[in-house]
Amino acid sequence: MKDLKLAGLKAERSAIEVNGVTIGGKEIILIGGPCAVESGIQMRESAETVKKAGGKILRGGVFKPRTSPYSFQGLGREGLNYLVQAAREKDLLCVTEAIDVASLELVAEQVDIIQIGARNMQNFELLKMAGKINKPIILKRGLSATIEEWLLAAEYILSAGNPRVILCERGIRTYEPSTRNTLDLSAVGVAKELSHLPVIVDPSHAAGRRDLISSLSKAAIASGADGLLIEMHPNPAEAVSDGPQSLHPEQFVQLAGELGVVAEAVNRVFTCSQKNEEETLESLRNEIDDIDQTIIERLAARMQIVSKVADKKRLDRVKDNTREKEVMQRLTSLGDELKLPSELVKKIYPIIFEVAVQSQIKRKLVREEEMDRSLVSR
Ligand SMILES: O=C(O)C(=O)C[C@]1(C(=O)O)C=C[C@@H](O)C=C1
């Protein structure tokens with residue numbers, strides 16, 4: 001194929017190394033997470049599941065190029081923080097999509113890998129910019145792109161100076177309406193025959209329905225894919241986007257447990273952490289320690305905001321019973337949904353409010369004293 005000066009097949013296949021993870025080596029790399037980042041807790045739960053499944057990379061969209069302008073467009077910078085923090089806490093890498101030059105610059109500062117989505121595969125200015133970034137790029141195949149067009153899009157990034165491009169087959173548009181797109185598994189073989197770049201597969205966007213994800217994932221590995229990009233959501237029924245194609249956490253872990261034998265059959269490796277890591281008293285206590293650390297860190301962050309709130313209120317209105325009631329109601333129903341014993345929220349939160357109110361009063365009194373002192377000294 002002409003013009004594949006850099007993307008074209010070389011004597012050796014490229015294995016792309018990123019912060020301790022190699023894509024395109026013997027190991028199959030599992031990437032998982034929700035379509036869109038929605039909240040800190042959603043991302044922490046997703047990271048936990050990805051880790052448990054033996055995944056290496058957490059995904060989550062913060063800038064969403066949606067078909068309809070009225071669909072959720074992503075949490076932007078706030079979402080990026082949730083994604084990065086959740087990944088770091090679980091020692092995972094993270095990937096998110098850039099949709100234009102501005103978002104590319106922003107995400108490049110924080111994530112390990114940047115995705116260029118199907119709808120932007122031929123956004124040549126974005127591709128050239130991605131070529132100037134020192135982060136690997138996952139380049140999804142366009143909805144109606146031929147393999148040649150896809151590889152030439154990769155060539156744009158490579159020729160602009162970035163050698164780390166990972167191709168991602170995510171289904172193409174055909175006349176068949178039973179699935180969202182048609183997963184073109186032959187593209188894995190063809191792309192690998194024409195190019196040295198690693199190829200991963202996203203069965204979620206191809207199928208558009210979760211019942212097919214398990215078999216398509218296994219087929220993708222059997223067909224030579226170097227990794228999988230799978231959508232998983234802690235609660236798909238509540239997902240703001242792509243709920244029907246998102247796996248439940250248990251399904252994701254179960255699938256991961258089944259990938260090892262398929263990988264082995266084609267001389268590759270995939271290790272599901274849960275299957276191999278026996279739960280011991282020590283490992284379980286380590287998990288508890290991790291969670292406790294997160295709880296205390298989040299409480300400290302909460303207290304900092306609480307003190308900012310103090311500056312917005314009058315001293316005699318620091319305690320706000322209406323607000324406390326609202327918070328309690330929201331959290332008890334969240335607790336119910338997550339099957340927490342109901343007294344946990346009911347006992348903990350009054351203490352949190354009490355400490356918050358005391359610290360706000362203290363802060364306001366100190367402030368007032370300072371003001372009085374500065375008035376007297378004038
Ligand atoms: O929302 C406020 O006004 C706060 O000061 C925060 C907060 C809280 O901890 O959530 C603290 C005290 C109030 O009684 C209500 C809520």
# chains A, B, ... in the order shown; residues from 1 in each chain; ligands from 1
$ closest_atom_pairs --of "chain A" --to "ligand 1" --cutoff "6 Å" --atoms "only C-alpha atoms and all ligand atoms" --output "CSV"
residue,atom,partner,partner_atom_place_in_ligand_line,distance
A:Val306,CA,ligand 1,6 (C),5.3
A:Val309,CA,ligand 1,5 (O),5.4
A:Lys319,CA,ligand 1,14 (O),3.7
A:Asp320,CA,ligand 1,14 (O),3.8
A:Asn321,CA,ligand 1,14 (O),5.6
A:Arg323,CA,ligand 1,15 (C),5.3
A:Glu324,CA,ligand 1,15 (C),4.9
A:Phe353,CA,ligand 1,9 (O),4.5
A:Ala356,CA,ligand 1,11 (C),5.0
A:Val357,CA,ligand 1,12 (C),4.9
$ write_last_selection --atoms "N, CA and C atoms" --output "PDB file, in the first residue's frame"
ATOM      1  N   VAL A 306     -15.972  22.562  53.220  1.00  0.00           N
ATOM      2  CA  VAL A 306     -16.831  23.035  54.305  1.00  0.00           C
ATOM      3  C   VAL A 306     -16.322  24.385  54.830  1.00  0.00           C
ATOM      4  N   VAL A 309     -17.312  27.053  52.550  1.00  0.00           N
ATOM      5  CA  VAL A 309     -18.750  27.341  52.661  1.00  0.00           C
ATOM      6  C   VAL A 309     -18.991  28.309  53.822  1.00  0.00           C
ATOM      7  N   LYS A 319     -25.446  26.488  60.948  1.00  0.00           N
ATOM      8  CA  LYS A 319     -26.125  25.187  60.880  1.00  0.00           C
ATOM      9  C   LYS A 319     -27.344  25.314  59.981  1.00  0.00           C
ATOM     10  N   ASP A 320     -27.420  24.450  58.990  1.00  0.00           N
ATOM     11  CA  ASP A 320     -28.523  24.510  58.032  1.00  0.00           C
ATOM     12  C   ASP A 320     -29.241  23.155  58.009  1.00  0.00           C
ATOM     13  N   ASN A 321     -30.312  23.096  58.806  1.00  0.00           N
ATOM     14  CA  ASN A 321     -31.016  21.812  58.952  1.00  0.00           C
ATOM     15  C   ASN A 321     -31.625  21.308  57.642  1.00  0.00           C
ATOM     16  N   ARG A 323     -30.538  21.762  54.579  1.00  0.00           N
ATOM     17  CA  ARG A 323     -29.483  21.172  53.742  1.00  0.00           C
ATOM     18  C   ARG A 323     -29.048  19.799  54.301  1.00  0.00           C
ATOM     19  N   GLU A 324     -28.909  19.730  55.606  1.00  0.00           N
ATOM     20  CA  GLU A 324     -28.489  18.455  56.213  1.00  0.00           C
ATOM     21  C   GLU A 324     -29.494  17.356  55.902  1.00  0.00           C
ATOM     22  N   PHE A 353     -21.613  16.354  60.127  1.00  0.00           N
ATOM     23  CA  PHE A 353     -22.234  17.688  60.150  1.00  0.00           C
ATOM     24  C   PHE A 353     -21.819  18.457  61.406  1.00  0.00           C
ATOM     25  N   ALA A 356     -18.401  19.642  61.128  1.00  0.00           N
ATOM     26  CA  ALA A 356     -18.358  20.698  60.110  1.00  0.00           C
ATOM     27  C   ALA A 356     -18.856  22.010  60.705  1.00  0.00           C
ATOM     28  N   VAL A 357     -19.992  21.952  61.385  1.00  0.00           N
ATOM     29  CA  VAL A 357     -20.564  23.170  61.962  1.00  0.00           C
ATOM     30  C   VAL A 357     -19.600  23.783  62.981  1.00  0.00           C
TER      31      VAL A 357
END
$ closest_atom_pairs --of "segment 113-226 of chain A" --to "segment 23-31 of chain A" --cutoff "12 Å" --atoms "only C-alpha atoms" --output "tab-separated table"
residue	atom	partner	partner_atom	distance
A:Ile113	CA	A:Ile31	CA	11.1
A:Pro136	CA	A:Ile23	CA	10.1
A:Ile137	CA	A:Ile23	CA	11.5
A:Ile138	CA	A:Ile23	CA	10.7
A:Arg164	CA	A:Ile23	CA	9.9
A:Val165	CA	A:Ile23	CA	10.1
A:Ile166	CA	A:Ile23	CA	8.0
A:Leu167	CA	A:Gly24	CA	10.5
A:Cys168	CA	A:Ile31	CA	11.8
A:Lys192	CA	A:Gly24	CA	10.8
A:His196	CA	A:Gly24	CA	9.4
A:Leu197	CA	A:Gly24	CA	7.7
A:Pro198	CA	A:Gly24	CA	4.9
A:Val199	CA	A:Gly24	CA	7.5
A:Ile200	CA	A:Ile29	CA	8.5
A:Val201	CA	A:Leu30	CA	10.0
A:Asp202	CA	A:Ile31	CA	9.3
A:Pro203	CA	A:Ile31	CA	11.6
A:Ser204	CA	A:Ile31	CA	11.7
A:Ser217	CA	A:Leu30	CA	10.2
A:Lys218	CA	A:Ile28	CA	11.2
A:Ala220	CA	A:Ile28	CA	10.6
A:Ile221	CA	A:Ile28	CA	7.8
A:Ala222	CA	A:Ile28	CA	10.9
A:Gly224	CA	A:Ile28	CA	9.7
A:Ala225	CA	A:Ile28	CA	7.8
A:Asp226	CA	A:Ile28	CA	5.2
$ select_by_dssp --residues "segment 162-283 of chain A" --states "strand (DSSP E)" --output "PyMOL selection string"
chain A and resi 165-169+199-201+227-231
$ residues_around --residues "Ala219 of chain A" --least-positions-apart "4" --cutoff "12 Å" --atoms "only C-alpha atoms" --output "PyMOL selection string"
chain A and resi 183-186+188+201-203+212-215+223-225+227-228+259+262-263+265-266
$ write_last_selection --atoms "N, CA and C atoms" --output "short mmCIF file (atom, residue, chain, number, x, y, z; two decimals), in the first residue's frame"
data_model
loop_
_atom_site.label_atom_id
_atom_site.label_comp_id
_atom_site.auth_asym_id
_atom_site.auth_seq_id
_atom_site.Cartn_x
_atom_site.Cartn_y
_atom_site.Cartn_z
N LEU A 183 -18.69 -5.60 13.73
CA LEU A 183 -17.28 -5.74 14.13
C LEU A 183 -16.53 -6.42 12.98
N ASP A 184 -15.54 -5.72 12.46
CA ASP A 184 -14.80 -6.24 11.31
C ASP A 184 -13.51 -6.90 11.84
N LEU A 185 -13.65 -8.16 12.22
CA LEU A 185 -12.48 -8.83 12.79
C LEU A 185 -11.41 -9.12 11.76
N SER A 186 -11.82 -9.20 10.50
CA SER A 186 -10.78 -9.43 9.49
C SER A 186 -9.85 -8.22 9.41
N VAL A 188 -8.44 -6.84 11.79
CA VAL A 188 -7.29 -7.04 12.70
C VAL A 188 -6.16 -7.70 11.90
N VAL A 201 -9.14 -4.15 19.95
CA VAL A 201 -10.53 -4.22 19.48
C VAL A 201 -11.47 -3.70 20.57
N ASP A 202 -12.44 -2.90 20.14
CA ASP A 202 -13.50 -2.41 21.03
C ASP A 202 -14.80 -3.09 20.61
N PRO A 203 -15.17 -4.19 21.30
CA PRO A 203 -16.37 -4.90 20.90
C PRO A 203 -17.65 -4.16 21.33
N LEU A 212 -23.42 -9.60 23.52
CA LEU A 212 -22.46 -10.13 22.53
C LEU A 212 -21.00 -9.87 22.91
N ILE A 213 -20.80 -9.10 23.97
CA ILE A 213 -19.42 -8.63 24.26
C ILE A 213 -18.47 -9.78 24.58
N SER A 214 -18.96 -10.75 25.35
CA SER A 214 -18.07 -11.82 25.77
C SER A 214 -17.55 -12.60 24.55
N SER A 215 -18.46 -13.03 23.68
CA SER A 215 -18.00 -13.84 22.54
C SER A 215 -17.17 -13.02 21.56
N SER A 223 -8.45 -13.68 16.89
CA SER A 223 -8.09 -13.17 15.56
C SER A 223 -6.80 -12.37 15.58
N GLY A 224 -6.16 -12.27 16.73
CA GLY A 224 -4.83 -11.65 16.77
C GLY A 224 -4.76 -10.29 17.42
N ALA A 225 -5.87 -9.83 18.01
CA ALA A 225 -5.84 -8.50 18.64
C ALA A 225 -4.85 -8.50 19.81
N GLY A 227 -5.21 -6.37 22.32
CA GLY A 227 -5.88 -5.91 23.54
C GLY A 227 -7.34 -5.67 23.28
N LEU A 228 -8.06 -5.39 24.37
CA LEU A 228 -9.50 -5.16 24.28
C LEU A 228 -9.84 -3.86 25.01
N LEU A 259 -10.74 -15.15 29.54
CA LEU A 259 -9.89 -14.75 28.40
C LEU A 259 -8.56 -15.50 28.35
N VAL A 262 -8.29 -18.50 25.98
CA VAL A 262 -8.31 -18.11 24.56
C VAL A 262 -6.94 -17.55 24.18
N ALA A 263 -6.41 -16.71 25.06
CA ALA A 263 -5.10 -16.11 24.80
C ALA A 263 -4.05 -17.22 24.63
N ALA A 265 -4.44 -20.23 23.74
CA ALA A 265 -4.64 -21.00 22.51
C ALA A 265 -3.98 -20.35 21.30
N VAL A 266 -3.78 -19.02 21.36
CA VAL A 266 -3.12 -18.35 20.23
C VAL A 266 -1.74 -17.82 20.65
#
$ closest_atom_pairs --of "segment 134-226 of chain A" --to "segment 237-258 of chain A" --cutoff "6 Å" --atoms "only C-alpha atoms" --output "tab-separated table"
residue	atom	partner	partner_atom	distance
A:Ser204	CA	A:Gln245	CA	5.7
A:Gly208	CA	A:Gln245	CA	4.8
A:Arg209	CA	A:Gln245	CA	4.1
A:Arg210	CA	A:Gln245	CA	4.4
$ write_last_selection --atoms "C-alpha atoms" --output "compact mmCIF listing (two decimals), in the first residue's frame"
# COMPACT_ATOMS: atom_id res chain seq x y z
CA SER A 204 -18.69 -2.58 22.87
CA GLY A 208 -23.99 -1.87 20.97
CA ARG A 209 -25.42 -4.62 23.21
CA ARG A 210 -23.84 -6.32 26.18
$ residues_around --residues "Lys362 of chain A" --least-positions-apart "6" --cutoff "10 Å" --atoms "only C-alpha atoms" --output "PyMOL selection string"
chain A and resi 307+310+315+356+368
$ select_by_dssp --residues "segment 97-316 of chain A" --states "alpha helix (DSSP H)" --output "PyMOL selection string"
chain A and resi 101-110+124-130+147-159+186-194+203-207+213-222+249-265+273-276+281-310
$ write_last_selection --atoms "C-alpha atoms" --output "compact mmCIF listing (two decimals), in the first residue's frame"
# COMPACT_ATOMS: atom_id res chain seq x y z
CA VAL A 101 -6.68 20.62 19.79
CA ALA A 102 -7.68 22.29 23.07
CA SER A 103 -8.84 19.07 24.72
CA LEU A 104 -5.79 17.26 23.35
CA GLU A 105 -3.46 19.68 25.11
CA LEU A 106 -5.44 19.41 28.32
CA VAL A 107 -5.68 15.61 28.47
CA ALA A 108 -2.08 15.12 27.35
CA GLU A 109 -0.94 16.70 30.61
CA GLN A 110 -2.75 14.16 32.72
CA PHE A 124 -6.21 15.81 10.01
CA GLU A 125 -5.32 18.88 12.10
CA LEU A 126 -6.01 16.87 15.25
CA LEU A 127 -3.94 13.96 13.93
CA LYS A 128 -1.00 16.28 13.19
CA MET A 129 -1.24 17.73 16.69
CA ALA A 130 -1.37 14.22 18.15
CA ILE A 147 -8.42 -0.05 6.35
CA GLU A 148 -6.24 1.99 4.01
CA GLU A 149 -7.79 5.26 5.18
CA TRP A 150 -7.33 4.15 8.79
CA LEU A 151 -3.66 3.34 8.27
CA LEU A 152 -3.11 6.62 6.43
CA ALA A 153 -4.66 8.42 9.39
CA ALA A 154 -2.08 6.64 11.58
CA GLU A 155 0.60 7.76 9.11
CA TYR A 156 -0.37 11.39 9.82
CA ILE A 157 0.42 10.91 13.51
CA LEU A 158 3.62 8.97 12.88
CA SER A 159 4.92 11.40 10.26
CA SER A 186 -10.78 -9.43 9.49
CA ALA A 187 -9.50 -5.85 9.83
CA VAL A 188 -7.29 -7.04 12.70
CA GLY A 189 -5.50 -9.50 10.43
CA VAL A 190 -5.37 -7.13 7.47
CA ALA A 191 -4.07 -4.21 9.54
CA LYS A 192 -1.41 -6.48 11.02
CA GLU A 193 -0.43 -7.72 7.62
CA LEU A 194 -0.02 -4.17 6.31
CA PRO A 203 -16.37 -4.90 20.90
CA SER A 204 -18.69 -2.58 22.87
CA HIS A 205 -19.16 0.11 20.23
CA ALA A 206 -19.29 -2.55 17.55
CA ALA A 207 -22.09 -4.58 19.14
CA ILE A 213 -19.42 -8.63 24.26
CA SER A 214 -18.07 -11.82 25.77
CA SER A 215 -18.00 -13.84 22.54
CA LEU A 216 -16.75 -10.93 20.43
CA SER A 217 -13.93 -10.28 22.92
CA LYS A 218 -12.78 -13.88 22.73
CA ALA A 219 -13.05 -13.85 18.94
CA ALA A 220 -10.98 -10.66 18.85
CA ILE A 221 -8.16 -12.28 20.82
CA ALA A 222 -8.36 -15.37 18.64
CA PRO A 249 -18.86 -5.23 36.91
CA GLU A 250 -19.44 -8.94 37.64
CA GLN A 251 -19.76 -9.68 33.92
CA PHE A 252 -16.53 -7.83 33.23
CA VAL A 253 -14.64 -9.84 35.87
CA GLN A 254 -16.19 -13.07 34.66
CA LEU A 255 -15.21 -12.36 31.06
CA ALA A 256 -11.66 -11.53 32.14
CA GLY A 257 -11.51 -14.89 33.91
CA GLU A 258 -12.37 -16.60 30.62
CA LEU A 259 -9.89 -14.75 28.40
CA GLY A 260 -6.78 -16.57 29.60
CA VAL A 261 -7.51 -19.86 27.83
CA VAL A 262 -8.31 -18.11 24.56
CA ALA A 263 -5.10 -16.11 24.80
CA GLU A 264 -3.12 -19.26 25.52
CA ALA A 265 -4.64 -21.00 22.51
CA SER A 273 -5.95 -11.01 38.84
CA GLN A 274 -8.94 -12.31 40.71
CA LYS A 275 -8.51 -15.83 39.50
CA ASN A 276 -4.89 -16.05 40.53
CA LEU A 281 -6.54 -12.26 55.63
CA GLU A 282 -3.60 -10.04 54.73
CA SER A 283 -4.77 -9.26 51.19
CA LEU A 284 -8.27 -8.47 52.42
CA ARG A 285 -6.88 -6.20 55.14
CA ASN A 286 -4.74 -4.49 52.53
CA GLU A 287 -7.86 -3.81 50.52
CA ILE A 288 -9.53 -2.37 53.62
CA ASP A 289 -6.46 -0.20 54.28
CA ASP A 290 -6.66 1.19 50.74
CA ILE A 291 -10.32 2.01 51.13
CA ASP A 292 -9.81 3.58 54.56
CA GLN A 293 -7.11 5.79 53.14
CA THR A 294 -9.49 6.95 50.43
CA ILE A 295 -12.22 7.64 52.99
CA ILE A 296 -9.91 9.82 55.11
CA GLU A 297 -8.50 11.64 52.09
CA ARG A 298 -12.01 12.39 50.82
CA LEU A 299 -13.11 13.53 54.29
CA ALA A 300 -10.16 15.91 54.41
CA ALA A 301 -11.15 17.28 50.99
CA ARG A 302 -14.74 17.64 52.23
CA MET A 303 -13.62 19.60 55.29
CA GLN A 304 -11.68 22.02 53.11
CA ILE A 305 -14.81 22.78 51.11
CA VAL A 306 -16.83 23.04 54.31
CA SER A 307 -14.53 25.79 55.49
CA LYS A 308 -14.98 27.66 52.20
CA VAL A 309 -18.75 27.34 52.66
CA ALA A 310 -18.38 29.03 56.07
$ atom_distance --atom1 "atom CA of Tyr82 of chain A" --atom2 "atom CA of Arg363 of chain A"
29.2 Å
$ residues_around --residues "Ser39 of chain A" --least-positions-apart "6" --cutoff "9 Å" --atoms "only C-alpha atoms" --output "PyMOL selection string"
chain A and resi 75+78-79+82-83
$ write_last_selection --atoms "C-alpha atoms" --output "PDB file, in the first residue's frame"
ATOM      1  CA  LEU A  75     -17.699  16.552  32.464  1.00  0.00           C
ATOM      2  CA  GLU A  78     -13.700  17.829  36.458  1.00  0.00           C
ATOM      3  CA  GLY A  79     -14.197  14.401  34.874  1.00  0.00           C
ATOM      4  CA  TYR A  82     -12.009  11.760  38.621  1.00  0.00           C
ATOM      5  CA  LEU A  83     -10.528   9.501  35.946  1.00  0.00           C
TER       6      LEU A  83
END
$ closest_residue --among "A:Thr174, A:Asn123, A:Val50, A:Val318" --to "Val355 of chain A" --atoms "only C-alpha atoms"
A:Val318
$ atom_distance --atom1 "atom CA of Thr22 of chain A" --atom2 "atom CA of Ser195 of chain A"
17.6 Å
$ atom_distance --atom1 "atom CA of Lys2 of chain A" --atom2 "atom CA of Asn181 of chain A"
28.3 Å
